[in-house]
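Everything below concerns the one structure shown next.
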Amino acid sequence: MNPWLLAAIITVVVIAVVIKRMIGEPVNARELFVAPAVLTGIGVLTLVKRADLTGTDLTWIITGAVFGAALGALRGATVQLVDKGGVLWQRYTGRTFLAVIGTLAVTAGFSVLAVKMGMHEDARPLQLSIGVSFLGESLVVGRRGMASGIPFAPARAR
């Protein structure tokens, strides 16, 4: 697939998710985990297909993935969870957006450092970075939701 088309699709999906979460949406397990898992899977598949990755690249990619998941988890701690109609809802808050801005700044700095330390500039797929970040957020939101005792929303019929 054309990398620009893929980047455009990912951008549209991320913007849609953020807008839905700004407004507020019911939390169900499928929607919480499927998109991050798919993005992470696409990122891993992209890496597997590359033959030119070095040990340095892989070290920085793995470190970046762990770091991205941790930053996503931090963002997940700022998401507001409430009982609405007897089911769990989530909503991004001002603190969530501050965490997003901080995450973007820290991630950009990490990427610059990684390249300065020998990682190929195009070695880390964008899908992997976004996927692990949202996966970290989803894990924290899911754990907090389960601890709240409020039932998750049922999956929507498709």
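Here, A, B, ... name the chains of the structure tokens in the order displayed, residue numbers run from 1 inside each chain, and ligands are numbered from 1 in the same displayed order.
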Go through segment 42-117 of chain A and flag each residue having an atom no more than 8 Å from segment 141-148 of chain A; for those, report the closest pair of atoms plus their distance in Å to one decimal, using only C-alpha atoms, ordered by chain and rising number, as a tab-separated table.
```
residue	atom	partner	partner_atom	distance
A:Gly76	CA	A:Val141	CA	5.5
A:Ala77	CA	A:Val141	CA	7.0
A:Val79	CA	A:Val141	CA	7.3
A:Leu81	CA	A:Gly145	CA	7.1
A:Leu88	CA	A:Gly145	CA	7.0
```
- prompt: Which residues come within 12 Å of segment 97-113 of chain A, counting only C-alpha atoms, excluding same-chain residues fewer than 4 positions away, as number ranges by chain?
  reply: A: 18-19, 21-22, 57, 60-61, 63-79, 91-93, 117-126, 129-130, 133-134, 137
Given the selection you just returned, output its residues as a file containing C-alpha atoms, formatted as an mmCIF file, in the first residue's frame.
```
data_model
loop_
_atom_site.group_PDB
_atom_site.id
_atom_site.type_symbol
_atom_site.label_atom_id
_atom_site.label_comp_id
_atom_site.auth_asym_id
_atom_site.auth_seq_id
_atom_site.Cartn_x
_atom_site.Cartn_y
_atom_site.Cartn_z
ATOM 1 C CA VAL A 18 -9.929 11.597 19.472
ATOM 2 C CA ILE A 19 -13.111 13.458 18.481
ATOM 3 C CA ARG A 21 -13.420 10.558 23.027
ATOM 4 C CA MET A 22 -13.637 14.347 23.405
ATOM 5 C CA ASP A 57 17.400 -0.157 14.883
ATOM 6 C CA TRP A 60 15.649 1.687 19.558
ATOM 7 C CA ILE A 61 12.382 0.340 18.110
ATOM 8 C CA THR A 63 12.765 0.787 23.573
ATOM 9 C CA GLY A 64 10.525 3.248 21.745
ATOM 10 C CA ALA A 65 7.603 0.813 21.804
ATOM 11 C CA VAL A 66 7.927 0.270 25.560
ATOM 12 C CA PHE A 67 8.340 4.012 26.102
ATOM 13 C CA GLY A 68 5.320 4.755 23.863
ATOM 14 C CA ALA A 69 3.144 2.251 25.727
ATOM 15 C CA ALA A 70 4.175 3.842 29.039
ATOM 16 C CA LEU A 71 3.305 7.318 27.762
ATOM 17 C CA GLY A 72 -0.029 5.962 26.513
ATOM 18 C CA ALA A 73 -0.640 4.490 29.972
ATOM 19 C CA LEU A 74 0.045 7.905 31.487
ATOM 20 C CA ARG A 75 -2.498 9.399 29.100
ATOM 21 C CA GLY A 76 -4.982 6.651 30.031
ATOM 22 C CA ALA A 77 -4.748 7.719 33.666
ATOM 23 C CA THR A 78 -6.128 11.144 32.692
ATOM 24 C CA VAL A 79 -9.223 9.850 30.870
ATOM 25 C CA ARG A 91 -14.092 11.176 27.912
ATOM 26 C CA TYR A 92 -10.850 12.990 27.225
ATOM 27 C CA THR A 93 -10.212 15.894 29.584
ATOM 28 C CA MET A 117 22.499 7.411 18.150
ATOM 29 C CA GLY A 118 22.414 5.371 14.942
ATOM 30 C CA MET A 119 18.840 4.272 14.239
ATOM 31 C CA HIS A 120 17.811 4.613 10.603
ATOM 32 C CA GLU A 121 15.367 7.494 10.329
ATOM 33 C CA ASP A 122 12.681 5.436 8.599
ATOM 34 C CA ALA A 123 13.136 2.264 10.684
ATOM 35 C CA ARG A 124 10.229 2.732 13.108
ATOM 36 C CA PRO A 125 6.774 2.436 11.510
ATOM 37 C CA LEU A 126 4.269 5.133 12.448
ATOM 38 C CA SER A 129 4.221 4.025 17.473
ATOM 39 C CA ILE A 130 0.547 4.983 17.428
ATOM 40 C CA SER A 133 0.621 4.276 22.566
ATOM 41 C CA PHE A 134 -3.116 3.622 22.250
ATOM 42 C CA GLU A 137 -3.886 3.921 27.113
#
```
message: If you run DSSP on the backbone here, which positions in segment 33-157 of chain A get alpha helix (DSSP H)? Please write them as number ranges by chain.
response: A: 33-49, 55-76, 94-116, 126-148
task: Fewer than 2 positions away in the same chain doesn't count, so skip those; otherwise give me all residues within 10 Å of Gln127 of chain A, counting only C-alpha atoms, as number ranges by chain.
output: A: 6-7, 10, 36, 38-44, 46, 124-125, 129-133
Store the residues picked out above, limited to C-alpha atoms, as an mmCIF file, in the first residue's frame.
```cif
data_model
loop_
_atom_site.group_PDB
_atom_site.id
_atom_site.type_symbol
_atom_site.label_atom_id
_atom_site.label_comp_id
_atom_site.auth_asym_id
_atom_site.auth_seq_id
_atom_site.Cartn_x
_atom_site.Cartn_y
_atom_site.Cartn_z
ATOM 1 C CA LEU A 6 -1.670 4.546 4.692
ATOM 2 C CA ALA A 7 -0.535 7.616 6.657
ATOM 3 C CA ILE A 10 -4.204 6.341 10.015
ATOM 4 C CA PRO A 36 -4.606 -0.413 18.941
ATOM 5 C CA VAL A 38 -4.525 -3.752 14.582
ATOM 6 C CA LEU A 39 -2.199 -0.733 14.348
ATOM 7 C CA THR A 40 0.435 -2.501 16.430
ATOM 8 C CA GLY A 41 0.078 -5.617 14.265
ATOM 9 C CA ILE A 42 0.494 -3.600 11.054
ATOM 10 C CA GLY A 43 3.592 -1.976 12.548
ATOM 11 C CA VAL A 44 5.103 -5.327 13.532
ATOM 12 C CA THR A 46 6.000 -3.800 8.481
ATOM 13 C CA ARG A 124 10.229 2.732 13.108
ATOM 14 C CA PRO A 125 6.774 2.436 11.510
ATOM 15 C CA SER A 129 4.221 4.025 17.473
ATOM 16 C CA ILE A 130 0.547 4.983 17.428
ATOM 17 C CA GLY A 131 -0.640 1.435 18.114
ATOM 18 C CA VAL A 132 1.496 0.847 21.215
ATOM 19 C CA SER A 133 0.621 4.276 22.566
#
```
message: Applying 12 Å and only C-alpha atoms, which residues near Glu31 of chain A remain after dropping the ones on its own chain fewer than 3 positions away? List them as JSON, numbers by chain.
response: {"A": [17, 20, 21, 25, 26, 27, 28, 34, 35, 36, 37, 38, 90, 134, 135, 138, 141, 142, 152, 153, 154, 155, 156]}
Coordinates-based distance that separates atom CA of Ile15 of chain A from atom CA of Arg50 of chain A (Å, one decimal):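 Atom CA of Ile15 of chain A lies 28.2 Å from atom CA of Arg50 of chain A.
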field: Å distance separating atom CA of Thr11 of chain A from atom CA of Leu32 of chain A, one decimal place
entry: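 Calculated distance between atom CA of Thr11 of chain A and atom CA of Leu32 of chain A is 17.8 Å.
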task: Could you give me the residues within chain A that DSSP places in strand (DSSP E or B), as an MDAnalysis selection string?
output: chainID A and resid 25:26 80:84 87:91
task: Identify which of the residues A:Leu5, A:Ala51, A:Val14, A:Ile150 lies closest to Val82 of chain A, counting only C-alpha atoms when measuring atom-to-atom distances.
output: A:Ile150
Residue with smallest distance to Ala114 of chain A - pool A:Val12, A:Leu47, A:Thr59, A:Leu53, counting only C-alpha atoms: A:Thr59
